[in-house]
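Visitor: To be precise about what I am sending: the file is called run28.cif and holds mmCIF, C-alpha atoms.
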```cif
data_run
loop_
_atom_site.label_atom_id
_atom_site.label_comp_id
_atom_site.auth_asym_id
_atom_site.auth_seq_id
_atom_site.Cartn_x
_atom_site.Cartn_y
_atom_site.Cartn_z
CA MET K 20 9.08 10.74 1.14
CA GLY K 21 11.85 11.64 3.49
CA THR K 22 14.91 9.89 4.81
CA ALA K 23 12.98 8.47 7.76
CA ALA K 24 10.53 6.73 5.43
CA ILE K 25 13.38 5.33 3.34
CA LEU K 26 15.01 3.95 6.50
CA LEU K 27 11.66 2.45 7.52
CA LEU K 28 11.33 0.79 4.11
CA ILE K 29 14.82 -0.70 4.46
CA THR K 30 14.08 -1.89 8.01
CA LYS K 31 10.78 -3.47 6.99
CA ALA K 32 12.33 -5.08 3.93
CA LEU K 33 15.10 -6.62 6.03
CA GLU K 34 12.50 -7.89 8.51
CA VAL K 35 10.41 -9.68 5.91
CA GLY K 36 13.23 -10.54 3.51
CA GLY K 37 12.87 -10.84 -0.24
CA ASP K 38 9.07 -11.00 -0.16
CA LEU K 39 8.83 -7.23 -0.03
CA VAL K 40 10.96 -6.72 -3.15
CA PRO K 41 8.28 -7.51 -5.81
CA ILE K 42 5.81 -5.19 -4.08
CA ALA K 43 8.38 -2.41 -3.74
CA LEU K 44 9.28 -2.84 -7.41
CA ARG K 45 5.60 -2.68 -8.40
CA ALA K 46 5.07 0.51 -6.39
CA TYR K 47 8.26 2.04 -7.73
CA ALA K 48 7.45 1.15 -11.35
CA ALA K 49 4.05 2.80 -11.05
CA LEU K 50 5.64 6.03 -9.87
CA ARG K 51 8.71 5.93 -12.11
CA VAL K 52 7.02 8.13 -14.66
CA ASP K 53 6.67 11.70 -13.46
CA HIS K 54 2.87 11.88 -13.59
CA THR K 55 1.06 15.19 -13.42
CA ASP K 56 -1.31 15.75 -10.49
CA GLU K 57 -4.31 15.13 -12.75
CA ASP K 58 -2.81 11.88 -14.06
CA LEU K 59 -2.08 10.65 -10.52
CA ILE K 60 -5.65 11.26 -9.41
CA ALA K 61 -7.17 9.73 -12.55
CA LEU K 62 -4.96 6.64 -12.33
CA ALA K 63 -5.58 6.24 -8.60
CA ARG K 64 -9.36 6.54 -9.03
CA GLU K 65 -9.40 4.10 -11.94
CA LYS K 66 -7.36 1.54 -9.99
CA ASN K 67 -9.45 2.13 -6.86
CA ASP K 68 -12.63 1.25 -8.80
CA LEU K 69 -11.00 -1.84 -10.32
CA ASP K 70 -9.66 -2.93 -6.94
CA GLU K 71 -13.06 -2.60 -5.32
CA GLN K 72 -14.48 -4.95 -7.93
CA LYS K 73 -11.56 -7.38 -7.47
CA ILE K 74 -12.16 -7.45 -3.70
CA LEU K 75 -15.91 -8.00 -4.08
CA ASP K 76 -15.22 -10.84 -6.52
CA LEU K 77 -12.77 -12.40 -4.04
CA ILE K 78 -15.35 -12.16 -1.21
CA ALA K 79 -17.95 -13.82 -3.45
CA ARG K 80 -15.50 -16.64 -4.30
CA ALA K 81 -14.60 -17.12 -0.64
CA GLU K 82 -18.30 -17.26 0.31
CA ALA K 83 -18.99 -19.75 -2.49
CA ALA K 84 -16.20 -21.93 -1.08
CA GLY K 85 -17.86 -21.90 2.33
CA GLY K 86 -16.27 -18.86 3.94
CA MET B 23 19.49 -16.41 -3.44
CA ARG B 24 19.29 -14.24 -0.35
CA ARG B 25 22.27 -12.24 -1.63
CA ASN B 26 20.38 -11.56 -4.87
CA HIS B 27 17.39 -10.36 -2.88
CA LEU B 28 19.57 -8.01 -0.87
CA ILE B 29 21.19 -6.65 -4.05
CA THR B 30 17.75 -6.08 -5.60
CA LEU B 31 16.59 -4.47 -2.39
CA PHE B 32 19.58 -2.15 -2.38
CA LEU B 33 18.88 -1.15 -5.99
CA VAL B 34 15.22 -0.47 -5.21
CA CYS B 35 16.13 1.66 -2.20
CA ALA B 36 18.76 3.53 -4.20
CA ALA B 37 16.23 4.20 -6.96
CA LEU B 38 13.67 5.40 -4.43
CA LEU B 39 16.23 7.70 -2.82
CA PHE B 40 17.08 9.14 -6.22
CA THR B 41 13.42 9.66 -7.10
CA GLN B 42 12.58 11.25 -3.79
CA ALA B 43 15.59 13.54 -3.88
CA ALA B 44 14.37 14.81 -7.23
CA CYS B 45 10.74 15.29 -6.23
CA ASP B 46 9.21 18.63 -5.39
CA LYS B 47 8.31 19.90 -1.94
CA ASN B 48 4.61 20.48 -2.61
CA LYS B 49 2.73 18.48 0.04
CA ILE B 50 -0.46 18.26 -1.99
CA HIS B 51 1.46 16.64 -4.83
CA GLU B 52 3.12 14.35 -2.27
CA ALA B 53 -0.32 13.37 -0.92
CA ARG B 54 -1.53 12.54 -4.44
CA LYS B 55 1.55 10.43 -5.06
CA ALA B 56 1.06 8.69 -1.71
CA ALA B 57 -2.60 7.95 -2.48
CA PHE B 58 -1.55 6.39 -5.78
CA ARG B 59 1.26 4.45 -4.06
CA ILE B 60 -1.15 3.09 -1.43
CA GLN B 61 -3.50 2.06 -4.24
CA ILE B 62 -0.72 0.13 -6.01
CA VAL B 63 0.21 -1.66 -2.78
CA THR B 64 -3.46 -2.41 -2.04
CA ASP B 65 -3.72 -3.92 -5.52
CA ALA B 66 -0.68 -6.12 -4.74
CA ALA B 67 -2.28 -7.15 -1.43
CA ILE B 68 -5.49 -8.21 -3.20
CA ASP B 69 -3.51 -10.27 -5.72
CA SER B 70 -1.48 -11.90 -2.92
CA THR B 71 -4.63 -12.76 -0.95
CA ALA B 72 -6.29 -14.22 -4.06
CA ALA B 73 -3.17 -16.30 -4.79
CA LEU B 74 -3.02 -17.61 -1.21
CA PHE B 75 -6.72 -18.51 -1.47
CA GLU B 76 -6.23 -20.32 -4.80
CA GLN B 77 -3.26 -22.23 -3.39
CA LYS B 78 -5.42 -23.17 -0.36
CA VAL B 79 -2.83 -21.63 1.96
CA ILE B 80 -5.61 -19.65 3.65
CA THR B 81 -9.15 -20.84 4.31
CA PRO B 82 -12.24 -19.29 2.68
CA ALA B 83 -13.14 -17.74 6.06
CA GLN B 84 -9.68 -16.16 6.40
CA THR B 85 -9.86 -14.99 2.78
CA LYS B 86 -13.21 -13.32 3.42
CA ALA B 87 -11.96 -11.61 6.61
CA ILE B 88 -8.81 -10.31 4.88
CA ALA B 89 -10.80 -9.21 1.79
CA GLN B 90 -13.28 -7.30 3.95
CA ALA B 91 -10.39 -5.52 5.69
CA LEU B 92 -8.86 -4.74 2.29
CA LEU B 93 -12.21 -3.27 1.23
CA LYS B 94 -11.98 -0.84 4.17
CA VAL B 95 -8.41 0.10 3.19
CA ASN B 96 -9.61 0.68 -0.38
CA HIS B 97 -12.55 2.84 0.75
CA ALA B 98 -10.33 4.90 3.08
CA ASN B 99 -7.81 5.44 0.28
CA ARG B 100 -10.64 6.57 -2.02
CA ILE B 101 -11.38 9.30 0.52
CA LEU B 102 -7.69 10.28 0.51
CA ILE B 103 -7.67 10.36 -3.31
CA ASP B 104 -10.79 12.55 -3.45
CA ARG B 105 -9.60 14.93 -0.70
CA ALA B 106 -6.16 15.26 -2.29
CA ALA B 107 -7.84 15.96 -5.64
CA GLU B 108 -9.99 18.75 -4.15
CA MET B 109 -7.05 20.56 -2.53
CA LYS B 110 -5.52 23.38 -4.44
CA GLU B 111 -2.96 24.71 -1.98
CA ASP B 112 -0.62 23.44 0.72
CA ASN B 113 -1.55 24.91 4.11
CA ARG B 114 -1.96 23.77 7.72
CA ALA B 115 -5.73 23.20 7.44
CA ASN B 116 -5.39 21.05 4.33
CA ARG B 117 -2.61 18.99 5.90
CA ALA B 118 -4.80 18.41 8.98
CA VAL B 119 -7.59 17.07 6.77
CA LEU B 120 -5.14 14.76 5.00
CA PHE B 121 -3.75 13.56 8.36
CA GLN B 122 -7.27 12.72 9.48
CA THR B 123 -7.79 10.63 6.34
CA VAL B 124 -4.42 8.93 6.81
CA ARG B 125 -5.54 7.87 10.29
CA GLN B 126 -8.63 6.22 8.74
CA ILE B 127 -6.37 4.21 6.44
CA SER B 128 -4.15 3.35 9.41
CA ASP B 129 -7.18 2.00 11.32
CA ALA B 130 -8.19 -0.09 8.30
CA ILE B 131 -4.66 -1.53 8.09
CA LYS B 132 -4.87 -2.48 11.79
CA GLU B 133 -8.01 -4.48 10.96
CA LEU B 134 -6.17 -6.08 8.05
CA LYS B 135 -3.35 -7.14 10.41
CA ALA B 136 -5.89 -8.56 12.86
CA ALA B 137 -7.58 -10.54 10.06
CA GLY B 138 -4.24 -12.06 8.98
CA ILE B 139 -3.04 -12.74 12.48
CA LEU B 140 -6.16 -14.90 13.00
CA GLY B 141 -3.99 -17.73 11.77
CA ILE B 142 -2.04 -18.13 8.57
CA LYS B 143 -0.21 -21.27 9.68
CA ASN B 144 1.76 -21.79 6.47
CA PRO B 145 5.16 -20.01 6.84
CA ASP B 146 5.30 -18.94 3.16
CA GLY B 147 1.74 -17.63 3.28
CA SER B 148 2.44 -15.82 6.51
CA ALA B 149 5.60 -14.23 5.07
CA GLU B 150 3.74 -13.09 1.96
CA PHE B 151 0.95 -11.58 4.04
CA ASP B 152 3.50 -9.86 6.31
CA ALA B 153 5.23 -8.42 3.25
CA THR B 154 2.04 -6.86 1.88
CA VAL B 155 1.13 -5.39 5.27
CA ALA B 156 4.69 -4.07 5.65
CA ALA B 157 4.43 -2.44 2.22
CA LEU B 158 1.15 -0.76 3.22
CA ASP B 159 2.68 0.39 6.51
CA THR B 160 5.64 1.84 4.63
CA ALA B 161 3.42 3.66 2.11
CA LEU B 162 1.45 5.11 5.01
CA ALA B 163 4.61 6.13 6.89
CA ALA B 164 5.81 7.86 3.73
CA ILE B 165 2.76 10.11 3.56
CA GLU B 166 2.96 10.86 7.30
CA VAL B 167 6.57 11.95 6.89
CA ALA B 168 5.73 13.96 3.78
CA LEU B 169 2.85 15.78 5.47
CA SER B 170 4.75 16.50 8.67
CA GLY B 171 7.81 17.84 6.84
CA GLY B 172 8.39 21.54 6.31
#
```
Rewrite the structure from the file as structure tokens, please.
Guide:
Amino acid sequence: MGTAAILLLITKALEVGGDLVPIALRAYAALRVDHTDEDLIALAREKNDLDEQKILDLIARAEAAGG
Amino acid sequence: MRRNHLITLFLVCAALLFTQAACDKNKIHEARKAAFRIQIVTDAAIDSTAALFEQKVITPAQTKAIAQALLKVNHANRILIDRAAEMKEDNRANRAVLFQTVRQISDAIKELKAAGILGIKNPDGSAEFDATVAALDTALAAIEVALSGG
């Protein structure tokens, strides 16, 4: 990530205020450890699978509530 | 309170700058990191949407529309993860393939914005949704910058 992306992050964060901070912290914490390429892919795939299930569950709950 | 947020924000940005300054120049590694970063932010967006739904800040119909858009973001990022995993070297052809995948994620994020803009009337809910979309935008911009760099 270059300087332009850092500036964009700062600009966006100032636009939306403190709400971006927890998300930025979460993203930073996940990348704080210097993962190997294999670890990054394995972690991303695992989370991708879990997230798909979380989204499908949320859609099911929304539909059950009348959505 | 706002001052504390700004201080935290400054610390986060400083930490990111430090991390990025120390990272290597391999674009394939950058793409893998970006795919993971987008996944983390997507995860945060799902949690935020679920919380807004539980708090009845957004309607079930809005929740469903946002969740379906998030599903597209998640699918597009899965393609990025798989393509980044397959690549063994950094060259122009591989970067072009990654750019193409990034555009798919970008299109999915546009749908996510449209789903949210449909009408989150509550200011807090709207701000939280804006924050998650901004975080996704930023993660996407990061990979675009990384891939276009020398």
Visitor: Residues of chain B within 6 Å of chain K, using all atoms listed in the file, as a PDB file with C-alpha atoms, keeping the file's coordinate frame?
Guide:
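And here is the file that came out, result-v8.pdb:
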```pdb
ATOM      1  CA  HIS B  27      17.390 -10.360  -2.880  1.00  0.00           C
ATOM      2  CA  PHE B  58      -1.550   6.390  -5.780  1.00  0.00           C
ATOM      3  CA  ARG B  59       1.260   4.450  -4.060  1.00  0.00           C
ATOM      4  CA  ILE B  62      -0.720   0.130  -6.010  1.00  0.00           C
ATOM      5  CA  PRO B  82     -12.240 -19.290   2.680  1.00  0.00           C
ATOM      6  CA  ALA B  83     -13.140 -17.740   6.060  1.00  0.00           C
ATOM      7  CA  LYS B  86     -13.210 -13.320   3.420  1.00  0.00           C
ATOM      8  CA  ALA B  89     -10.800  -9.210   1.790  1.00  0.00           C
ATOM      9  CA  ALA B 153       5.230  -8.420   3.250  1.00  0.00           C
ATOM     10  CA  THR B 160       5.640   1.840   4.630  1.00  0.00           C
ATOM     11  CA  ALA B 164       5.810   7.860   3.730  1.00  0.00           C
ATOM     12  CA  ALA B 168       5.730  13.960   3.780  1.00  0.00           C
TER      13      ALA B 168
END
```
Visitor: Provide the CA of Leu120 (chain B) to CA of Leu158 (chain B) distance in Å, to one decimal place.
Guide: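 Pair CA of Leu120 (chain B) / CA of Leu158 (chain B) returns 16.8 Å.
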Visitor: Any chance you could resolve the PyMOL selection byres ((chain B and resi 141-146) around 12) against this file and give the residues as a CSV table (one decimal) with C-alpha atoms, keeping the file's coordinate frame?
Guide:
```csv
chain,number,residue,atom,x,y,z
K,35,VAL,CA,10.4,-9.7,5.9
K,36,GLY,CA,13.2,-10.5,3.5
K,37,GLY,CA,12.9,-10.8,-0.2
K,38,ASP,CA,9.1,-11.0,-0.2
B,70,SER,CA,-1.5,-11.9,-2.9
B,71,THR,CA,-4.6,-12.8,-1.0
B,73,ALA,CA,-3.2,-16.3,-4.8
B,74,LEU,CA,-3.0,-17.6,-1.2
B,75,PHE,CA,-6.7,-18.5,-1.5
B,77,GLN,CA,-3.3,-22.2,-3.4
B,78,LYS,CA,-5.4,-23.2,-0.4
B,79,VAL,CA,-2.8,-21.6,2.0
B,80,ILE,CA,-5.6,-19.6,3.6
B,81,THR,CA,-9.2,-20.8,4.3
B,82,PRO,CA,-12.2,-19.3,2.7
B,83,ALA,CA,-13.1,-17.7,6.1
B,84,GLN,CA,-9.7,-16.2,6.4
B,85,THR,CA,-9.9,-15.0,2.8
B,87,ALA,CA,-12.0,-11.6,6.6
B,88,ILE,CA,-8.8,-10.3,4.9
B,135,LYS,CA,-3.4,-7.1,10.4
B,136,ALA,CA,-5.9,-8.6,12.9
B,137,ALA,CA,-7.6,-10.5,10.1
B,138,GLY,CA,-4.2,-12.1,9.0
B,139,ILE,CA,-3.0,-12.7,12.5
B,140,LEU,CA,-6.2,-14.9,13.0
B,147,GLY,CA,1.7,-17.6,3.3
B,148,SER,CA,2.4,-15.8,6.5
B,149,ALA,CA,5.6,-14.2,5.1
B,150,GLU,CA,3.7,-13.1,2.0
B,151,PHE,CA,1.0,-11.6,4.0
B,152,ASP,CA,3.5,-9.9,6.3
B,153,ALA,CA,5.2,-8.4,3.2
```
Visitor: CA of Asp112 (chain B) and CA of Ile131 (chain B) are how many Å apart?
Guide: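 Those two atoms sit 26.3 Å apart.
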Visitor: Just how far from CA of Asp104 (chain B) is CA of Arg54 (chain B), in Å to one decimal?
Guide: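 Taking CA of Arg54 (chain B) and CA of Asp104 (chain B), their separation equals 9.3 Å.
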